[in-house]
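Shown below: model-v6.txt, with compact mmCIF, N, CA and C atoms.
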# COMPACT_ATOMS: atom_id res chain seq x y z
N VAL A 17 164.04 80.59 120.25
CA VAL A 17 164.64 79.47 120.98
C VAL A 17 163.54 78.73 121.71
N GLN A 18 163.46 77.45 121.46
CA GLN A 18 162.46 76.65 122.16
C GLN A 18 163.15 75.53 122.90
N LEU A 19 162.93 75.51 124.18
CA LEU A 19 163.51 74.47 125.03
C LEU A 19 162.38 73.85 125.81
N GLN A 20 162.12 72.59 125.56
CA GLN A 20 160.99 71.93 126.17
C GLN A 20 161.47 70.87 127.13
N ALA A 21 161.15 71.09 128.39
CA ALA A 21 161.50 70.10 129.40
C ALA A 21 160.42 69.04 129.47
N SER A 22 160.82 67.83 129.79
CA SER A 22 159.86 66.74 129.93
C SER A 22 160.38 65.74 130.96
N GLY A 23 159.49 64.86 131.38
CA GLY A 23 159.88 63.79 132.28
C GLY A 23 159.40 63.94 133.71
N GLY A 24 158.71 65.02 134.00
CA GLY A 24 158.21 65.22 135.36
C GLY A 24 157.04 64.31 135.67
N GLY A 25 156.61 64.37 136.91
CA GLY A 25 155.48 63.56 137.33
C GLY A 25 155.42 63.46 138.83
N LEU A 26 154.62 62.53 139.30
CA LEU A 26 154.47 62.30 140.74
C LEU A 26 155.42 61.20 141.17
N VAL A 27 156.23 61.50 142.16
CA VAL A 27 157.22 60.55 142.66
C VAL A 27 157.12 60.48 144.17
N GLN A 28 157.31 59.32 144.72
CA GLN A 28 157.32 59.18 146.17
C GLN A 28 158.65 59.65 146.75
N PRO A 29 158.63 60.13 147.96
CA PRO A 29 159.90 60.50 148.61
C PRO A 29 160.88 59.32 148.58
N GLY A 30 162.12 59.65 148.26
CA GLY A 30 163.13 58.61 148.11
C GLY A 30 163.24 58.06 146.71
N GLY A 31 162.32 58.42 145.85
CA GLY A 31 162.32 57.92 144.48
C GLY A 31 163.27 58.69 143.58
N SER A 32 163.24 58.32 142.32
CA SER A 32 164.14 58.92 141.32
C SER A 32 163.35 59.29 140.08
N LEU A 33 163.94 60.20 139.31
CA LEU A 33 163.39 60.48 138.00
C LEU A 33 164.48 61.09 137.13
N ARG A 34 164.18 61.13 135.84
CA ARG A 34 165.11 61.74 134.89
C ARG A 34 164.34 62.71 134.01
N LEU A 35 164.79 63.92 134.00
CA LEU A 35 164.20 64.95 133.15
C LEU A 35 165.03 65.08 131.88
N SER A 36 164.36 65.43 130.79
CA SER A 36 165.03 65.61 129.51
C SER A 36 164.68 66.96 128.92
N CYS A 37 165.60 67.46 128.12
CA CYS A 37 165.35 68.73 127.44
C CYS A 37 166.10 68.72 126.11
N ALA A 38 165.36 68.83 125.03
CA ALA A 38 165.96 68.84 123.70
C ALA A 38 166.03 70.27 123.17
N ALA A 39 167.09 70.53 122.44
CA ALA A 39 167.27 71.85 121.84
C ALA A 39 167.79 71.70 120.43
N SER A 40 167.79 72.77 119.70
CA SER A 40 168.36 72.73 118.35
C SER A 40 169.87 72.60 118.45
N TYR A 41 170.48 72.09 117.40
CA TYR A 41 171.93 71.94 117.38
C TYR A 41 172.61 73.29 117.58
N ARG A 42 172.06 74.30 116.94
CA ARG A 42 172.68 75.63 117.00
C ARG A 42 172.74 76.14 118.44
N ILE A 43 171.67 75.91 119.17
CA ILE A 43 171.63 76.36 120.56
C ILE A 43 172.45 75.46 121.46
N PHE A 44 172.28 74.18 121.28
CA PHE A 44 172.87 73.21 122.20
C PHE A 44 174.38 73.18 122.09
N SER A 45 174.89 73.19 120.89
CA SER A 45 176.31 72.93 120.68
C SER A 45 177.21 74.03 121.21
N SER A 46 176.68 75.22 121.36
CA SER A 46 177.55 76.33 121.73
C SER A 46 177.21 76.92 123.09
N ASN A 47 176.37 76.25 123.85
CA ASN A 47 175.92 76.83 125.12
C ASN A 47 176.08 75.92 126.32
N THR A 48 176.40 76.56 127.43
CA THR A 48 176.23 75.88 128.71
C THR A 48 174.73 75.71 128.93
N MET A 49 174.33 74.53 129.30
CA MET A 49 172.92 74.21 129.50
C MET A 49 172.67 73.95 130.98
N GLY A 50 171.45 74.24 131.39
CA GLY A 50 171.18 74.03 132.81
C GLY A 50 169.72 73.76 133.10
N TRP A 51 169.52 73.42 134.36
CA TRP A 51 168.18 73.19 134.88
C TRP A 51 167.94 74.15 136.04
N TRP A 52 166.76 74.72 136.05
CA TRP A 52 166.31 75.58 137.12
C TRP A 52 164.97 75.06 137.62
N ARG A 53 164.60 75.45 138.80
CA ARG A 53 163.30 75.03 139.31
C ARG A 53 162.65 76.16 140.11
N GLN A 54 161.31 76.10 140.11
CA GLN A 54 160.54 77.08 140.86
C GLN A 54 159.48 76.36 141.67
N ALA A 55 159.64 76.42 142.97
CA ALA A 55 158.67 75.83 143.87
C ALA A 55 157.54 76.82 144.12
N PRO A 56 156.39 76.35 144.53
CA PRO A 56 155.26 77.26 144.79
C PRO A 56 155.64 78.35 145.78
N GLY A 57 155.39 79.59 145.40
CA GLY A 57 155.66 80.71 146.28
C GLY A 57 157.12 81.11 146.39
N LYS A 58 157.97 80.51 145.59
CA LYS A 58 159.40 80.81 145.66
C LYS A 58 159.92 81.27 144.30
N GLN A 59 161.08 81.89 144.32
CA GLN A 59 161.70 82.31 143.07
C GLN A 59 162.38 81.13 142.39
N ARG A 60 162.50 81.27 141.11
CA ARG A 60 163.20 80.24 140.34
C ARG A 60 164.68 80.26 140.69
N GLY A 61 165.25 79.08 140.85
CA GLY A 61 166.66 78.99 141.20
C GLY A 61 167.37 77.90 140.44
N LEU A 62 168.68 78.03 140.37
CA LEU A 62 169.50 77.07 139.64
C LEU A 62 169.54 75.73 140.35
N VAL A 63 169.42 74.68 139.57
CA VAL A 63 169.61 73.32 140.09
C VAL A 63 171.00 72.82 139.71
N ALA A 64 171.31 72.92 138.42
CA ALA A 64 172.60 72.45 137.94
C ALA A 64 172.84 72.99 136.54
N PHE A 65 174.13 73.08 136.17
CA PHE A 65 174.44 73.39 134.77
C PHE A 65 175.63 72.57 134.32
N ILE A 66 175.75 72.46 133.00
CA ILE A 66 176.83 71.71 132.40
C ILE A 66 177.36 72.49 131.21
N THR A 67 178.67 72.65 131.15
CA THR A 67 179.27 73.41 130.06
C THR A 67 179.39 72.55 128.80
N THR A 68 179.78 73.15 127.71
CA THR A 68 179.98 72.39 126.48
C THR A 68 181.10 71.37 126.65
N GLY A 69 182.02 71.63 127.54
CA GLY A 69 183.11 70.70 127.79
C GLY A 69 182.79 69.64 128.82
N GLY A 70 181.60 69.74 129.41
CA GLY A 70 181.18 68.70 130.35
C GLY A 70 181.41 69.02 131.83
N SER A 71 181.90 70.20 132.12
CA SER A 71 182.04 70.58 133.53
C SER A 71 180.67 70.86 134.11
N THR A 72 180.50 70.51 135.36
CA THR A 72 179.18 70.63 135.99
C THR A 72 179.25 71.44 137.29
N ARG A 73 178.10 71.96 137.65
CA ARG A 73 177.96 72.69 138.91
C ARG A 73 176.56 72.42 139.43
N TYR A 74 176.46 72.20 140.74
CA TYR A 74 175.17 71.88 141.34
C TYR A 74 174.84 72.82 142.49
N ALA A 75 173.57 73.04 142.68
CA ALA A 75 173.12 73.76 143.86
C ALA A 75 173.39 72.88 145.08
N ASP A 76 173.68 73.51 146.19
CA ASP A 76 173.98 72.75 147.41
C ASP A 76 172.83 71.83 147.79
N SER A 77 171.63 72.24 147.50
CA SER A 77 170.46 71.47 147.91
C SER A 77 170.32 70.15 147.17
N VAL A 78 171.00 70.00 146.05
CA VAL A 78 170.87 68.75 145.28
C VAL A 78 172.19 68.02 145.12
N LYS A 79 173.26 68.56 145.67
CA LYS A 79 174.57 67.91 145.54
C LYS A 79 174.52 66.50 146.10
N GLY A 80 175.05 65.59 145.32
CA GLY A 80 175.06 64.20 145.75
C GLY A 80 173.80 63.44 145.37
N ARG A 81 172.77 64.16 144.96
CA ARG A 81 171.51 63.52 144.58
C ARG A 81 171.15 63.74 143.12
N ALA A 82 171.82 64.70 142.48
CA ALA A 82 171.49 65.06 141.11
C ALA A 82 172.69 64.84 140.20
N THR A 83 172.40 64.46 138.97
CA THR A 83 173.43 64.33 137.95
C THR A 83 172.92 64.97 136.68
N ILE A 84 173.64 65.97 136.21
CA ILE A 84 173.30 66.59 134.93
C ILE A 84 174.22 66.02 133.86
N SER A 85 173.69 65.77 132.70
CA SER A 85 174.50 65.24 131.61
C SER A 85 173.97 65.78 130.30
N ARG A 86 174.80 65.67 129.27
CA ARG A 86 174.36 66.14 127.96
C ARG A 86 174.74 65.13 126.91
N ASP A 87 173.83 64.91 126.00
CA ASP A 87 174.03 64.01 124.87
C ASP A 87 174.23 64.89 123.64
N ASN A 88 175.46 65.08 123.26
CA ASN A 88 175.76 65.99 122.17
C ASN A 88 175.28 65.46 120.82
N ALA A 89 175.14 64.17 120.71
CA ALA A 89 174.67 63.59 119.45
C ALA A 89 173.19 63.88 119.22
N ASN A 90 172.46 64.03 120.33
CA ASN A 90 171.02 64.24 120.22
C ASN A 90 170.57 65.59 120.74
N ASN A 91 171.54 66.46 121.03
CA ASN A 91 171.23 67.82 121.48
C ASN A 91 170.26 67.82 122.66
N THR A 92 170.54 66.98 123.61
CA THR A 92 169.64 66.82 124.75
C THR A 92 170.42 66.91 126.05
N VAL A 93 169.83 67.58 127.01
CA VAL A 93 170.41 67.65 128.34
C VAL A 93 169.47 66.93 129.30
N TYR A 94 170.06 66.22 130.23
CA TYR A 94 169.29 65.43 131.18
C TYR A 94 169.58 65.88 132.61
N LEU A 95 168.62 65.62 133.47
CA LEU A 95 168.82 65.80 134.90
C LEU A 95 168.27 64.56 135.59
N ARG A 96 169.15 63.84 136.20
CA ARG A 96 168.76 62.67 136.98
C ARG A 96 168.78 63.05 138.45
N MET A 97 167.69 62.78 139.12
CA MET A 97 167.63 63.09 140.55
C MET A 97 167.23 61.85 141.33
N ASN A 98 167.98 61.58 142.36
CA ASN A 98 167.73 60.43 143.24
C ASN A 98 167.37 60.93 144.63
N SER A 99 166.91 60.02 145.44
CA SER A 99 166.58 60.34 146.84
C SER A 99 165.73 61.60 146.93
N LEU A 100 164.70 61.64 146.12
CA LEU A 100 163.88 62.84 146.05
C LEU A 100 163.20 63.14 147.38
N LYS A 101 163.10 64.44 147.66
CA LYS A 101 162.48 64.91 148.88
C LYS A 101 161.24 65.74 148.53
N VAL A 102 160.38 65.90 149.51
CA VAL A 102 159.20 66.73 149.29
C VAL A 102 159.60 68.13 148.84
N ASP A 103 160.72 68.62 149.38
CA ASP A 103 161.20 69.95 149.02
C ASP A 103 161.67 70.07 147.57
N ASP A 104 161.81 68.96 146.89
CA ASP A 104 162.19 69.00 145.46
C ASP A 104 160.98 69.28 144.58
N THR A 105 159.80 69.31 145.15
CA THR A 105 158.60 69.60 144.38
C THR A 105 158.70 70.99 143.77
N ALA A 106 158.58 71.06 142.46
CA ALA A 106 158.73 72.33 141.75
C ALA A 106 158.45 72.11 140.27
N VAL A 107 158.33 73.21 139.56
CA VAL A 107 158.35 73.15 138.10
C VAL A 107 159.81 73.28 137.68
N TYR A 108 160.27 72.35 136.90
CA TYR A 108 161.66 72.33 136.45
C TYR A 108 161.74 72.84 135.02
N TYR A 109 162.70 73.73 134.80
CA TYR A 109 162.90 74.34 133.49
C TYR A 109 164.33 74.08 133.02
N CYS A 110 164.48 73.94 131.73
CA CYS A 110 165.83 73.94 131.18
C CYS A 110 166.02 75.23 130.39
N ASN A 111 167.26 75.63 130.26
CA ASN A 111 167.57 76.85 129.53
C ASN A 111 169.07 76.86 129.27
N THR A 112 169.49 77.74 128.40
CA THR A 112 170.90 78.02 128.31
C THR A 112 171.28 78.89 129.50
N TYR A 113 172.54 78.84 129.88
CA TYR A 113 172.96 79.65 131.04
C TYR A 113 172.79 81.13 130.73
N ILE A 114 173.11 81.50 129.50
CA ILE A 114 172.97 82.90 129.11
C ILE A 114 171.51 83.31 129.10
N GLY A 115 170.64 82.46 128.60
CA GLY A 115 169.22 82.76 128.59
C GLY A 115 168.68 82.95 129.99
N ALA A 116 169.11 82.09 130.89
CA ALA A 116 168.64 82.20 132.27
C ALA A 116 169.14 83.48 132.91
N ARG A 117 170.39 83.80 132.66
CA ARG A 117 170.96 85.02 133.25
C ARG A 117 170.23 86.26 132.76
N ASN A 118 169.78 86.21 131.50
CA ASN A 118 169.05 87.34 130.93
C ASN A 118 167.54 87.20 131.07
N ASP A 119 167.15 86.14 131.76
CA ASP A 119 165.73 85.89 132.03
C ASP A 119 164.91 85.85 130.75
N ILE A 120 165.41 85.13 129.76
CA ILE A 120 164.69 84.98 128.49
C ILE A 120 164.67 83.51 128.09
N ASN A 121 163.83 83.20 127.13
CA ASN A 121 163.77 81.87 126.52
C ASN A 121 163.36 80.77 127.49
N TRP A 122 162.58 81.14 128.48
CA TRP A 122 162.06 80.11 129.36
C TRP A 122 160.92 79.38 128.66
N GLY A 123 161.10 78.12 128.44
CA GLY A 123 160.03 77.35 127.84
C GLY A 123 159.06 76.87 128.90
N LYS A 124 158.25 75.96 128.49
CA LYS A 124 157.30 75.38 129.42
C LYS A 124 158.04 74.37 130.27
N GLY A 125 157.97 74.50 131.55
CA GLY A 125 158.67 73.58 132.42
C GLY A 125 157.91 72.28 132.59
N THR A 126 158.48 71.43 133.39
CA THR A 126 157.82 70.16 133.71
C THR A 126 157.68 70.05 135.21
N LEU A 127 156.49 69.68 135.64
CA LEU A 127 156.19 69.65 137.07
C LEU A 127 156.64 68.35 137.70
N VAL A 128 157.41 68.49 138.77
CA VAL A 128 157.81 67.34 139.57
C VAL A 128 157.15 67.48 140.93
N THR A 129 156.38 66.49 141.30
CA THR A 129 155.71 66.48 142.59
C THR A 129 156.22 65.30 143.39
N VAL A 130 156.78 65.58 144.54
CA VAL A 130 157.29 64.52 145.41
C VAL A 130 156.34 64.43 146.60
N SER A 131 155.64 63.34 146.65
CA SER A 131 154.62 63.19 147.68
C SER A 131 154.30 61.72 147.88
N SER A 132 153.96 61.40 149.11
CA SER A 132 153.53 60.02 149.40
C SER A 132 152.02 59.92 149.32

Mind turning the file's structure into structure tokens?
Amino acid sequence: VQLQASGGGLVQPGGSLRLSCAASYRIFSSNTMGWWRQAPGKQRGLVAFITTGGSTRYADSVKGRATISRDNANNTVYLRMNSLKVDDTAVYYCNTYIGARNDINWGKGTLVTVSS
């Protein structure tokens, strides 16, 4: 299973960005997909997930600022984040919910740095 996150970069506080993650049809079509992040010196934690039916769940720290979505035609999951804060600085990873729960299939994340 290869899940490659992309779209990170340097953003000023208050800015926005959109992360993308493409997966194979086999993986994407049958799995809840999500985004996790790991800040320096901290454990990786859930940001948001979206089920195959489109139901979503967000971490309290990003509620109201993040939107997770999935493009079933292109087997891609997105994470849009607005009003970025310095505390959002982290490496962001995408994974299936099952993969994350079993701590497997972590691909290369994408670094988001929020700084002025």

Identify, with DSSP run on backbone atoms, the residues in region 20-88 of chain A assigned to helix (DSSP H, G or I), and express the list as a PyMOL selection string. chain A and resi 41-44

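Nearest to Arg96 (chain A) of all the residues A:Asn111, A:Gln20, A:Ser36, A:Ser131 is A:Ser36, based on only N, CA and C atoms.
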
Write out as number ranges by chain which residues come within 12 Å of Lys58 (chain A) when counting only C-alpha atoms, dropping same-chain ones fewer than 6 positions away. A: 103, 105-107

Can you pull out every residue within 6.5 Å of Thr68 (chain A), counting all atoms listed in the file, but drop anything in the same chain fewer than 5 positions away, and send it as a list in words?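 Those residues are Ser45, Ser46, Asn47, Thr48 and Met49 of chain A.
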
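Counting all atoms listed in the file, the residue from A:Arg34, A:Trp52, A:Asn98, A:Val128 that sits nearest to Gly80 (chain A) is A:Asn98.
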
Could you find all residues in region 74-131 of chain A that DSSP calls strand (DSSP E) from the backbone, and write them as number ranges by chain? A: 74, 82-87, 92-97, 106-112, 126-130

Find the residue from A:Ala21, A:Leu95, A:Ala82, A:Leu100 that sits nearest to Val130 (chain A); use all atoms listed in the file when measuring.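 Closest candidate: A:Leu100.
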
To one decimal place, how far is atom N of Thr92 (chain A) from atom N of Pro29 (chain A) in Å?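 Interatomic distance, atom N of Thr92 (chain A) to atom N of Pro29 (chain A): 28.0 Å.
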
Restricting to only N, CA and C atoms, whichever of A:Leu26, A:Ala39, A:Ile120, A:Leu33 is closest to Ser99 (chain A) is A:Leu33

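Nearest residue to Tyr108 (chain A), choosing from A:Arg53, A:Arg86, A:Arg60, A:Arg81 and counting all atoms listed in the file: A:Arg53.
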
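If all atoms listed in the file are the atoms counted, then among A:Asn88, A:Gly125, A:Tyr94, A:Pro56 the closest residue to Tyr109 (chain A) is A:Gly125.
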
One decimal, Å: what's the distance from atom C of Ala38 (chain A) over to CA of Ile114 (chain A), could you say? 15.6 Å

Interatomic distance between atom C of Gln18 (chain A) and atom N of Asp104 (chain A)?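 Distance reported for this atom pair: 24.9 Å.
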
List the spatial neighbours of Ser132 (chain A) as a compact mmCIF listing (two decimals) with N, CA and C atoms, keeping the file's coordinate frame - criterion: any atom at most 8 Å away, only N, CA and C atoms, same-chain residues fewer than 3 positions off excluded.
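What follows is the written file part_2.txt:
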# COMPACT_ATOMS: atom_id res chain seq x y z
N VAL A 27 156.23 61.50 142.16
CA VAL A 27 157.22 60.55 142.66
C VAL A 27 157.12 60.48 144.17
N GLN A 28 157.31 59.32 144.72
CA GLN A 28 157.32 59.18 146.17
C GLN A 28 158.65 59.65 146.75
N PRO A 29 158.63 60.13 147.96
CA PRO A 29 159.90 60.50 148.61
C PRO A 29 160.88 59.32 148.58
N VAL A 102 160.38 65.90 149.51
CA VAL A 102 159.20 66.73 149.29
C VAL A 102 159.60 68.13 148.84
N THR A 129 156.38 66.49 141.30
CA THR A 129 155.71 66.48 142.59
C THR A 129 156.22 65.30 143.39

Take every atom of region 30-33 of chain A listed in the file, fit an axis-aligned box around them, add 5 Å per side, and give the centre and edge lengths in Å to one decimal as JSON.
{"center_x": 163.3, "center_y": 59.5, "center_z": 142.7, "size_x": 12.4, "size_y": 13.2, "size_z": 21.1}
